[in-house]
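Okay, input10.cif now, which holds mmCIF, C-alpha atoms:
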```cif
data_work
loop_
_atom_site.group_PDB
_atom_site.id
_atom_site.type_symbol
_atom_site.label_atom_id
_atom_site.label_comp_id
_atom_site.auth_asym_id
_atom_site.auth_seq_id
_atom_site.Cartn_x
_atom_site.Cartn_y
_atom_site.Cartn_z
ATOM 1 C CA MET A 1 0.000 0.000 0.000
ATOM 2 C CA LEU A 2 1.298 3.416 -1.024
ATOM 3 C CA THR A 3 -0.038 6.226 1.156
ATOM 4 C CA LEU A 4 0.189 9.852 0.041
ATOM 5 C CA GLY A 5 -0.313 12.426 2.773
ATOM 6 C CA PHE A 6 -2.038 15.681 1.800
ATOM 7 C CA SER A 7 -1.838 19.072 3.470
ATOM 8 C CA ALA A 8 -4.167 21.971 2.671
ATOM 9 C CA ASP A 9 -1.455 23.311 0.332
ATOM 10 C CA ASP A 10 -1.268 19.952 -1.449
ATOM 11 C CA LEU A 11 -5.000 19.948 -2.099
ATOM 12 C CA ALA A 12 -4.773 23.512 -3.380
ATOM 13 C CA ARG A 13 -1.981 22.533 -5.801
ATOM 14 C CA THR A 14 -3.478 19.257 -7.038
ATOM 15 C CA ARG A 15 -4.108 19.556 -10.767
ATOM 16 C CA PHE A 16 -4.908 17.618 -13.944
ATOM 17 C CA ALA A 17 -2.890 17.261 -17.135
ATOM 18 C CA THR A 18 -2.803 14.956 -20.137
ATOM 19 C CA SER A 19 0.419 13.344 -21.341
ATOM 20 C CA PRO A 20 1.088 11.986 -24.841
ATOM 21 C CA LEU A 21 4.330 10.384 -23.613
ATOM 22 C CA GLN A 22 2.482 8.619 -20.812
ATOM 23 C CA GLU A 23 0.218 6.994 -23.398
ATOM 24 C CA VAL A 24 3.259 5.955 -25.445
ATOM 25 C CA VAL A 25 4.828 4.211 -22.442
ATOM 26 C CA ALA A 26 1.584 2.619 -21.235
ATOM 27 C CA SER A 27 0.796 1.369 -24.747
ATOM 28 C CA ILE A 28 4.097 -0.529 -24.858
ATOM 29 C CA ARG A 29 2.902 -2.513 -21.845
ATOM 30 C CA VAL A 30 -0.303 -3.285 -23.742
ATOM 31 C CA LEU A 31 1.647 -4.610 -26.728
ATOM 32 C CA LYS A 32 3.814 -6.752 -24.466
ATOM 33 C CA ASP A 33 0.917 -8.228 -22.509
ATOM 34 C CA PRO A 34 -2.333 -7.775 -24.471
ATOM 35 C CA ALA A 35 -4.156 -10.431 -22.434
ATOM 36 C CA ALA A 36 -3.967 -8.123 -19.406
ATOM 37 C CA HIS A 37 -5.445 -5.227 -21.383
ATOM 38 C CA ILE A 38 -8.243 -6.915 -23.291
ATOM 39 C CA VAL A 39 -10.217 -3.719 -23.981
ATOM 40 C CA HIS A 40 -7.380 -2.624 -26.269
ATOM 41 C CA GLU A 41 -7.446 -5.782 -28.393
ATOM 42 C CA PRO A 42 -8.761 -3.924 -31.492
ATOM 43 C CA TRP A 43 -5.890 -1.439 -31.239
ATOM 44 C CA VAL A 44 -3.345 -4.262 -30.765
ATOM 45 C CA ALA A 45 -4.718 -6.129 -33.780
ATOM 46 C CA GLU A 46 -4.383 -3.018 -35.932
ATOM 47 C CA THR A 47 -1.034 -1.810 -34.604
ATOM 48 C CA ARG A 48 1.103 -4.947 -34.529
ATOM 49 C CA PRO A 49 1.044 -5.489 -38.324
ATOM 50 C CA LEU A 50 1.909 -1.818 -38.869
ATOM 51 C CA LEU A 51 4.914 -2.063 -36.590
ATOM 52 C CA ALA A 52 6.043 -5.330 -38.185
ATOM 53 C CA ALA A 53 5.786 -3.873 -41.686
ATOM 54 C CA SER A 54 7.723 -0.755 -40.658
ATOM 55 C CA GLY A 55 10.718 -2.724 -39.404
ATOM 56 C CA LEU A 56 10.997 -0.340 -36.446
ATOM 57 C CA ASP A 57 13.307 -1.621 -33.698
ATOM 58 C CA LEU A 58 11.398 -0.898 -30.493
ATOM 59 C CA GLY A 59 14.230 -2.197 -28.305
ATOM 60 C CA PRO A 60 15.421 1.186 -26.982
ATOM 61 C CA LEU A 61 11.904 1.931 -25.736
ATOM 62 C CA SER A 62 10.672 -1.555 -24.954
ATOM 63 C CA ASP A 63 13.700 -2.385 -22.781
ATOM 64 C CA LEU A 64 12.823 0.537 -20.510
ATOM 65 C CA VAL A 65 9.260 -0.753 -20.002
ATOM 66 C CA PRO A 66 9.582 -4.247 -18.524
ATOM 67 C CA VAL A 67 6.440 -6.318 -17.918
ATOM 68 C CA PRO A 68 5.678 -6.892 -15.130
ATOM 69 C CA SER A 69 7.639 -4.046 -13.634
ATOM 70 C CA TRP A 70 8.219 -2.389 -10.280
ATOM 71 C CA TYR A 71 9.541 0.809 -11.790
ATOM 72 C CA ILE A 72 9.662 2.547 -15.182
ATOM 73 C CA PRO A 73 12.230 5.380 -15.421
ATOM 74 C CA ASP A 74 10.524 8.670 -14.671
ATOM 75 C CA PHE A 75 12.392 10.614 -17.354
ATOM 76 C CA LEU A 76 10.301 8.687 -19.921
ATOM 77 C CA THR A 77 7.174 10.470 -18.684
ATOM 78 C CA PRO A 78 8.164 13.946 -17.469
ATOM 79 C CA PRO A 79 5.317 15.636 -15.555
ATOM 80 C CA PRO A 80 3.461 17.988 -17.915
ATOM 81 C CA LEU A 81 3.868 21.648 -17.016
ATOM 82 C CA THR A 82 0.697 22.638 -18.875
ATOM 83 C CA PRO A 83 -2.757 20.997 -18.872
ATOM 84 C CA ALA A 84 -2.478 19.605 -22.420
ATOM 85 C CA PRO A 85 1.117 19.576 -23.737
ATOM 86 C CA GLU A 86 1.860 18.717 -27.338
ATOM 87 C CA PHE A 87 3.750 15.511 -28.074
ATOM 88 C CA ALA A 88 6.664 17.405 -29.663
ATOM 89 C CA ALA A 89 7.122 19.541 -26.553
ATOM 90 C CA GLN A 90 7.203 16.513 -24.270
ATOM 91 C CA LEU A 91 9.653 14.739 -26.559
ATOM 92 C CA GLU A 92 11.936 17.776 -26.420
ATOM 93 C CA THR A 93 11.770 17.679 -22.617
ATOM 94 C CA LEU A 94 12.824 14.036 -22.701
ATOM 95 C CA ARG A 95 15.764 14.818 -25.024
ATOM 96 C CA ALA A 96 16.918 17.543 -22.622
ATOM 97 C CA THR A 97 16.934 15.330 -19.512
ATOM 98 C CA PRO A 98 20.212 15.956 -17.639
ATOM 99 C CA PRO A 99 22.564 12.948 -17.862
ATOM 100 C CA ASP A 100 22.803 12.659 -14.079
ATOM 101 C CA GLN A 101 19.004 12.405 -13.862
ATOM 102 C CA VAL A 102 18.957 9.644 -16.476
ATOM 103 C CA ARG A 103 21.523 7.688 -14.489
ATOM 104 C CA THR A 104 19.637 8.252 -11.230
ATOM 105 C CA ASP A 105 16.348 7.052 -12.698
ATOM 106 C CA LEU A 106 17.933 4.008 -14.313
ATOM 107 C CA GLY A 107 19.506 3.209 -10.959
ATOM 108 C CA HIS A 108 16.030 2.653 -9.524
ATOM 109 C CA MET A 109 15.301 -0.150 -11.986
ATOM 110 C CA VAL A 110 15.281 -3.466 -10.162
ATOM 111 C CA ASP A 111 14.237 -5.513 -13.194
ATOM 112 C CA ALA A 112 16.908 -7.128 -15.374
ATOM 113 C CA ARG A 113 18.629 -4.502 -17.519
ATOM 114 C CA SER A 114 19.513 -5.023 -21.164
ATOM 115 C CA PRO A 115 22.811 -4.030 -22.840
ATOM 116 C CA TRP A 116 20.941 -1.093 -24.397
ATOM 117 C CA VAL A 117 19.857 0.198 -20.975
ATOM 118 C CA ASP A 118 23.427 -0.149 -19.691
ATOM 119 C CA ALA A 119 24.681 1.818 -22.707
ATOM 120 C CA LEU A 120 22.105 4.553 -22.034
ATOM 121 C CA HIS A 121 23.302 4.710 -18.437
ATOM 122 C CA ASP A 122 26.940 5.001 -19.479
ATOM 123 C CA ASP A 123 26.409 7.661 -22.162
ATOM 124 C CA PRO A 124 22.980 9.311 -21.819
ATOM 125 C CA VAL A 125 23.257 12.089 -24.426
ATOM 126 C CA PRO A 126 23.464 9.963 -27.602
ATOM 127 C CA GLY A 127 21.254 7.367 -25.936
ATOM 128 C CA LEU A 128 18.469 9.889 -25.373
ATOM 129 C CA ALA A 129 18.758 11.058 -28.977
ATOM 130 C CA ARG A 130 18.332 7.483 -30.211
ATOM 131 C CA LEU A 131 15.462 6.843 -27.776
ATOM 132 C CA ALA A 132 13.653 9.988 -28.936
ATOM 133 C CA GLU A 133 13.938 8.860 -32.575
ATOM 134 C CA VAL A 134 12.341 5.522 -31.730
ATOM 135 C CA ILE A 135 9.560 7.130 -29.682
ATOM 136 C CA GLU A 136 8.785 9.587 -32.470
ATOM 137 C CA ALA A 137 8.581 6.849 -35.100
ATOM 138 C CA TYR A 138 6.417 4.718 -32.817
ATOM 139 C CA TRP A 139 4.130 7.674 -32.092
ATOM 140 C CA GLU A 140 3.501 8.290 -35.788
ATOM 141 C CA LEU A 141 2.618 4.656 -36.411
ATOM 142 C CA ALA A 142 0.765 3.601 -33.288
ATOM 143 C CA ILE A 143 -0.613 6.608 -31.414
ATOM 144 C CA ALA A 144 -0.933 9.683 -33.655
ATOM 145 C CA PRO A 145 -3.716 8.212 -35.860
ATOM 146 C CA HIS A 146 -5.812 7.709 -32.721
ATOM 147 C CA TRP A 147 -4.734 10.805 -30.798
ATOM 148 C CA PRO A 148 -7.898 12.895 -31.440
ATOM 149 C CA ARG A 149 -10.019 10.125 -29.934
ATOM 150 C CA LEU A 150 -7.594 9.578 -27.037
ATOM 151 C CA ARG A 151 -7.380 13.293 -26.349
ATOM 152 C CA ALA A 152 -11.183 13.555 -26.300
ATOM 153 C CA LEU A 153 -11.303 10.682 -23.802
ATOM 154 C CA HIS A 154 -8.772 12.463 -21.557
ATOM 155 C CA GLN A 155 -10.555 15.800 -21.711
ATOM 156 C CA GLY A 156 -13.934 14.227 -21.071
ATOM 157 C CA ASP A 157 -12.546 12.586 -17.952
ATOM 158 C CA VAL A 158 -11.080 15.862 -16.684
ATOM 159 C CA ILE A 159 -14.450 17.592 -17.125
ATOM 160 C CA TYR A 160 -16.112 14.788 -15.172
ATOM 161 C CA ARG A 161 -13.506 14.942 -12.382
ATOM 162 C CA ALA A 162 -13.830 18.716 -12.119
ATOM 163 C CA ARG A 163 -17.558 18.280 -11.556
ATOM 164 C CA ARG A 164 -16.898 15.657 -8.892
ATOM 165 C CA LEU A 165 -14.469 17.992 -7.118
ATOM 166 C CA ALA A 166 -16.951 20.872 -7.262
ATOM 167 C CA ASP A 167 -19.776 18.673 -5.943
ATOM 168 C CA GLY A 168 -17.989 17.009 -3.031
ATOM 169 C CA GLY A 169 -14.342 17.994 -2.676
ATOM 170 C CA ALA A 170 -11.409 15.583 -2.620
ATOM 171 C CA ALA A 171 -13.426 12.700 -1.172
ATOM 172 C CA ARG A 172 -15.767 12.720 -4.159
ATOM 173 C CA LEU A 173 -12.974 13.365 -6.655
ATOM 174 C CA PHE A 174 -11.046 10.252 -5.618
ATOM 175 C CA ALA A 175 -14.036 8.016 -4.815
ATOM 176 C CA ASP A 176 -14.207 6.389 -8.269
ATOM 177 C CA LEU A 177 -10.749 7.164 -9.632
ATOM 178 C CA ALA A 178 -9.709 3.488 -9.648
ATOM 179 C CA SER A 179 -10.613 0.358 -7.726
ATOM 180 C CA ILE A 180 -7.263 0.323 -5.885
ATOM 181 C CA VAL A 181 -7.407 4.013 -4.904
ATOM 182 C CA ARG A 182 -9.080 5.133 -1.663
ATOM 183 C CA TRP A 183 -9.290 8.526 0.083
ATOM 184 C CA GLN A 184 -9.404 8.380 3.876
ATOM 185 C CA ASP A 185 -8.429 10.720 6.712
ATOM 186 C CA GLY A 186 -6.642 13.249 4.532
ATOM 187 C CA SER A 187 -4.524 10.670 2.701
ATOM 188 C CA LEU A 188 -4.731 8.837 -0.605
ATOM 189 C CA HIS A 189 -4.184 5.086 -0.316
ATOM 190 C CA ILE A 190 -3.108 3.160 -3.426
ATOM 191 C CA ALA A 191 -3.076 -0.644 -3.183
ATOM 192 C CA HIS A 192 -0.065 -1.289 -5.413
ATOM 193 C CA PRO A 193 0.720 -5.014 -5.787
ATOM 194 C CA ARG A 194 4.499 -4.518 -5.688
ATOM 195 C CA TYR A 195 5.130 -1.326 -3.744
ATOM 196 C CA SER A 196 4.369 0.074 -0.299
ATOM 197 C CA GLY A 197 5.377 3.124 1.643
ATOM 198 C CA THR A 198 4.245 6.494 2.953
ATOM 199 C CA ARG A 199 5.026 9.777 1.238
ATOM 200 C CA SER A 200 4.167 13.350 2.173
ATOM 201 C CA LEU A 201 3.549 15.543 -0.852
ATOM 202 C CA ASP A 202 5.374 18.423 0.891
ATOM 203 C CA GLY A 203 3.234 21.152 -0.629
ATOM 204 C CA GLN A 204 3.819 20.061 -4.239
ATOM 205 C CA GLY A 205 0.299 18.758 -4.707
ATOM 206 C CA LEU A 206 -0.560 15.723 -6.810
ATOM 207 C CA LEU A 207 -0.583 15.684 -10.602
ATOM 208 C CA LEU A 208 -3.489 13.574 -11.905
ATOM 209 C CA VAL A 209 -3.098 12.194 -15.439
ATOM 210 C CA PRO A 210 -5.983 10.333 -17.123
ATOM 211 C CA SER A 211 -4.851 7.600 -19.509
ATOM 212 C CA ALA A 212 -6.415 5.064 -21.845
ATOM 213 C CA PHE A 213 -3.600 2.526 -22.027
ATOM 214 C CA VAL A 214 -2.827 2.384 -18.300
ATOM 215 C CA TRP A 215 -6.116 0.488 -17.777
ATOM 216 C CA PRO A 216 -6.784 -1.508 -15.614
ATOM 217 C CA SER A 217 -3.954 -0.461 -13.281
ATOM 218 C CA VAL A 218 -2.552 2.874 -12.145
ATOM 219 C CA PHE A 219 0.945 4.339 -12.387
ATOM 220 C CA SER A 220 2.384 6.400 -9.556
ATOM 221 C CA SER A 221 5.568 8.444 -9.424
ATOM 222 C CA THR A 222 6.715 9.729 -6.036
ATOM 223 C CA ILE A 223 10.524 9.750 -6.302
ATOM 224 C CA PRO A 224 12.112 13.242 -6.168
ATOM 225 C CA PRO A 225 12.777 15.502 -7.956
ATOM 226 C CA TRP A 226 9.745 14.717 -10.108
ATOM 227 C CA GLN A 227 6.346 16.097 -9.072
ATOM 228 C CA PRO A 228 4.254 13.347 -7.444
ATOM 229 C CA THR A 229 2.008 11.966 -10.176
ATOM 230 C CA LEU A 230 -0.831 9.476 -10.367
ATOM 231 C CA THR A 231 -1.846 8.159 -13.779
ATOM 232 C CA TYR A 232 -5.237 6.462 -13.731
ATOM 233 C CA PRO A 233 -7.689 4.900 -16.234
ATOM 234 C CA ALA A 234 -9.845 7.502 -17.977
ATOM 235 C CA ARG A 235 -13.607 7.015 -17.881
ATOM 236 C CA GLY A 236 -15.065 5.460 -21.017
ATOM 237 C CA VAL A 237 -11.982 3.459 -21.969
ATOM 238 C CA ALA A 238 -14.037 0.263 -22.201
ATOM 239 C CA SER A 239 -15.856 1.627 -25.252
ATOM 240 C CA LEU A 240 -12.900 3.474 -26.775
ATOM 241 C CA TRP A 241 -12.451 1.141 -29.754
ATOM 242 C CA GLU A 242 -16.079 0.089 -30.205
ATOM 243 C CA ARG A 243 -17.641 0.470 -33.617
ATOM 244 C CA ARG A 244 -20.843 2.409 -33.076
ATOM 245 C CA ASP A 245 -24.078 0.964 -34.474
ATOM 246 C CA ARG A 246 -26.348 3.831 -35.465
ATOM 247 C CA THR A 247 -29.158 1.823 -37.052
ATOM 248 C CA THR A 248 -31.272 2.036 -33.875
ATOM 249 C CA ALA A 249 -31.206 5.843 -34.119
ATOM 250 C CA ASP A 250 -33.538 5.979 -37.140
ATOM 251 C CA ALA A 251 -36.548 7.010 -35.063
ATOM 252 C CA LEU A 252 -34.641 9.872 -33.425
ATOM 253 C CA ALA A 253 -33.217 10.934 -36.789
ATOM 254 C CA ALA A 254 -36.734 11.272 -38.163
ATOM 255 C CA VAL A 255 -37.418 13.897 -35.493
ATOM 256 C CA ILE A 256 -34.204 15.951 -35.214
ATOM 257 C CA GLY A 257 -32.393 14.997 -38.413
ATOM 258 C CA ARG A 258 -29.743 12.427 -39.209
ATOM 259 C CA SER A 259 -26.709 14.684 -38.775
ATOM 260 C CA ARG A 260 -27.776 15.893 -35.332
ATOM 261 C CA THR A 261 -28.604 12.352 -34.280
ATOM 262 C CA LEU A 262 -25.190 11.229 -35.485
ATOM 263 C CA LEU A 263 -23.520 13.903 -33.372
ATOM 264 C CA LEU A 264 -25.519 12.930 -30.286
ATOM 265 C CA MET A 265 -24.598 9.276 -30.776
ATOM 266 C CA GLU A 266 -20.916 10.201 -31.002
ATOM 267 C CA LEU A 267 -21.067 12.193 -27.764
ATOM 268 C CA ASP A 268 -21.080 9.132 -25.516
ATOM 269 C CA THR A 269 -17.846 10.737 -24.330
ATOM 270 C CA PRO A 270 -17.219 14.515 -24.548
ATOM 271 C CA ALA A 271 -15.559 15.607 -27.790
ATOM 272 C CA SER A 272 -14.387 18.744 -29.564
ATOM 273 C CA THR A 273 -15.649 20.040 -32.904
ATOM 274 C CA THR A 274 -12.440 18.794 -34.533
ATOM 275 C CA GLU A 275 -12.876 15.314 -33.128
ATOM 276 C CA LEU A 276 -16.535 15.153 -34.150
ATOM 277 C CA THR A 277 -15.629 16.294 -37.652
ATOM 278 C CA HIS A 278 -13.030 13.513 -37.840
ATOM 279 C CA ARG A 279 -15.416 10.860 -36.530
ATOM 280 C CA THR A 280 -18.509 11.723 -38.539
ATOM 281 C CA GLY A 281 -17.111 12.979 -41.835
ATOM 282 C CA LEU A 282 -19.333 16.057 -41.630
ATOM 283 C CA ALA A 283 -17.916 19.448 -42.575
ATOM 284 C CA ALA A 284 -16.561 21.444 -39.639
ATOM 285 C CA SER A 285 -18.998 24.278 -40.369
ATOM 286 C CA SER A 286 -21.932 21.852 -40.299
ATOM 287 C CA VAL A 287 -20.773 20.299 -37.043
ATOM 288 C CA SER A 288 -20.560 23.749 -35.437
ATOM 289 C CA GLU A 289 -24.004 24.722 -36.705
ATOM 290 C CA HIS A 290 -25.644 21.520 -35.495
ATOM 291 C CA LEU A 291 -23.932 21.690 -32.094
ATOM 292 C CA ALA A 292 -25.186 25.246 -31.642
ATOM 293 C CA ALA A 293 -28.731 24.081 -32.385
ATOM 294 C CA LEU A 294 -28.445 21.105 -30.035
ATOM 295 C CA ARG A 295 -27.063 23.356 -27.315
ATOM 296 C CA SER A 296 -29.951 25.814 -27.725
ATOM 297 C CA ALA A 297 -32.377 22.891 -27.389
ATOM 298 C CA GLY A 298 -30.775 21.773 -24.121
ATOM 299 C CA LEU A 299 -29.369 18.558 -25.579
ATOM 300 C CA VAL A 300 -25.675 19.478 -25.464
ATOM 301 C CA THR A 301 -23.435 21.375 -23.038
ATOM 302 C CA ALA A 302 -20.102 23.036 -23.811
ATOM 303 C CA HIS A 303 -17.045 23.318 -21.555
ATOM 304 C CA ARG A 304 -13.655 24.822 -22.332
ATOM 305 C CA ALA A 305 -10.632 22.530 -21.780
ATOM 306 C CA GLY A 306 -7.442 24.410 -22.625
ATOM 307 C CA ARG A 307 -7.569 25.408 -26.294
ATOM 308 C CA PHE A 308 -10.582 23.222 -26.995
ATOM 309 C CA VAL A 309 -14.303 23.457 -26.331
ATOM 310 C CA MET A 310 -15.631 20.046 -25.335
ATOM 311 C CA TYR A 311 -19.258 19.120 -26.001
ATOM 312 C CA ALA A 312 -21.220 16.594 -23.959
ATOM 313 C CA ARG A 313 -24.756 15.189 -23.958
ATOM 314 C CA THR A 314 -27.150 16.471 -21.314
ATOM 315 C CA THR A 315 -29.325 14.125 -19.259
ATOM 316 C CA VAL A 316 -32.222 14.911 -21.587
ATOM 317 C CA ALA A 317 -30.138 13.835 -24.575
ATOM 318 C CA GLU A 318 -29.051 10.697 -22.738
ATOM 319 C CA SER A 319 -32.708 9.754 -22.304
ATOM 320 C CA LEU A 320 -33.383 10.244 -26.000
ATOM 321 C CA VAL A 321 -30.347 8.283 -27.156
ATOM 322 C CA MET A 322 -30.808 5.404 -24.729
ATOM 323 C CA ALA A 323 -34.583 5.106 -25.026
ATOM 324 C CA PRO A 324 -35.707 1.744 -26.428
ATOM 325 C CA ILE A 325 -37.260 1.891 -29.885
ATOM 326 C CA ALA A 326 -40.498 -0.057 -30.233
#
```

Serialized structure, structure tokens:
Amino acid sequence: MLTLGFSADDLARTRFATSPLQEVVASIRVLKDPAAHIVHEPWVAETRPLLAASGLDLGPLSDLVPVPSWYIPDFLTPPPLTPAPEFAAQLETLRATPPDQVRTDLGHMVDARSPWVDALHDDPVPGLARLAEVIEAYWELAIAPHWPRLRALHQGDVIYRARRLADGGAARLFADLASIVRWQDGSLHIAHPRYSGTRSLDGQGLLLVPSAFVWPSVFSSTIPPWQPTLTYPARGVASLWERRDRTTADALAAVIGRSRTLLLMELDTPASTTELTHRTGLAASSVSEHLAALRSAGLVTAHRAGRFVMYARTTVAESLVMAPIA
């Protein structure tokens, strides 16, 4: 059991951020052990042939993500400084990791180390350059094509968590974060299978990072100098790769129109105009016009998340979409 002690300052500084690099690292675990991450089977089935055809040597990345593992080097997933950093910015942060920090993080690895990891430890600068090349190539093949959908999942979760925090404070925020996470007596208790200890956050607060590929577990990082971070499964991950069947929406489409029905069906998780345009094939101008109409009718709400406006179904819309059709 890992116990994180919170002060009033820690609660005030607790924040959310998304992390493209965190998804890269977590997705490697999925590829290595797909049976433990069955909800991502459609992604695995699509991605493995692409990687095989590319001839990409994943060794420099894969060797740093052992499965099962007690520790993954923290420099692989630097804590985001902004709520929604771009992949390129995070990759640049990784490239700029000080050599001494690379060696320190690698020193925490208790799993068997490969010759590549030893070489990275001995000479971090060229090693980081090579690692960044591999991560970038892997991103383009395996993650970038799905990033709009992943990003929408992350942002939808953050909107949900913000509501939970507003409704009931920290106790409500953490109540359904993950099955192994529990808030009690001013501390967060995480039932890790391979790690235990007690850590005070020392006024740094906790960084909360929603993730698709971390499911069904959680990642925690509490080793200085990195900001304490908890990466947890984003809500809605179970349906992330589902193909949506819209045939049952014919009755609703006859009332409000097919395009607006299509948009409502796609909003089972909050999404931006860009994401909805990508999913539906509708023109961006049409998506904006229909969303405005749905919002005026009380069927859709809008919330700003960084540079994006995220749209979500209201409870009225949920009733319409989920109603059985006779």

(request) Rounded to one decimal place, report the CA of Ala302 (chain A)-CA of Pro148 (chain A) distance in Å. (result) 17.6 Å

(request) I need the residue set behind the PyMOL selection byres ((chain A and resi 167-171) around 9) for this file; please write it as a ChimeraX atom specification. (result) /A:11,162-166,172-175,182-184,186

(request) Work out how far CA of Ala191 (chain A) is from CA of Gln227 (chain A), in Å to one decimal. (result)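 Those two atoms sit 20.1 Å apart.
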
(message) Set the distance at 10 Å and use all atoms listed in the file: which residues neighbour Arg199 (chain A) once local chain neighbours fewer than 2 positions away are removed? I'd like the list as a list in words.
(response) Leu2, Thr3, Leu4, Gly5, Phe6, Ser187, Leu188, Ser196, Gly197, Leu201, Asp202, Thr222, Ile223 and Pro228 of chain A

(message) Using all atoms listed in the file, can you tell me which of A:Val316, A:Thr18, A:Pro73, A:Pro115 comes closest to Gln155 (chain A)?
(response)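 Closest to Gln155 (chain A) of all the choices is A:Thr18.
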
Within 9 Å of region 236-239 of chain A, counting only C-alpha atoms, which residues show up once you throw out same-chain ones fewer than 6 positions away? Write them as a PDB file with C-alpha atoms, in the coordinates of the input, please.
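out.pdb written:
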```
ATOM      1  CA  VAL A  39     -10.217  -3.719 -23.981  1.00  0.00           C
ATOM      2  CA  HIS A  40      -7.380  -2.624 -26.269  1.00  0.00           C
ATOM      3  CA  LEU A 153     -11.303  10.682 -23.802  1.00  0.00           C
ATOM      4  CA  GLY A 156     -13.934  14.227 -21.071  1.00  0.00           C
ATOM      5  CA  ASP A 157     -12.546  12.586 -17.952  1.00  0.00           C
ATOM      6  CA  SER A 211      -4.851   7.600 -19.509  1.00  0.00           C
ATOM      7  CA  ALA A 212      -6.415   5.064 -21.845  1.00  0.00           C
ATOM      8  CA  PHE A 213      -3.600   2.526 -22.027  1.00  0.00           C
ATOM      9  CA  TRP A 215      -6.116   0.488 -17.777  1.00  0.00           C
ATOM     10  CA  ASP A 268     -21.080   9.132 -25.516  1.00  0.00           C
ATOM     11  CA  THR A 269     -17.846  10.737 -24.330  1.00  0.00           C
TER      12      THR A 269
END
```

(message) One decimal, in Å: what's the spacing between CA of Ala283 (chain A) and CA of Glu266 (chain A)?
(response)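 CA of Glu266 (chain A) lies at a distance of 15.1 Å from CA of Ala283 (chain A).
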
(request) Fewer than 2 positions away in the same chain doesn't count, so skip those; otherwise give me all residues within 9 Å of region 290-298 of chain A, counting only C-alpha atoms, as a list in words. (result)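 After dropping sequence-adjacent residues, the list is Ser259, Arg260, Leu263, Leu264, Thr273, Ser285, Ser286, Val287, Ser288, Val300, Thr301, Ala302, Tyr311, Arg313, Thr314, Val316 and Ala317 of chain A.
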
Once 5 Å is added on each side, what centre and edge lengths in Å to one decimal does the axis-aligned box around all listed atoms of region 107-126 of chain A have, as lines of an AutoDock Vina configuration file?
```
center_x = 20.6
center_y = 2.5
center_z = -18.6
size_x = 22.7
size_y = 29.2
size_z = 28.1
```
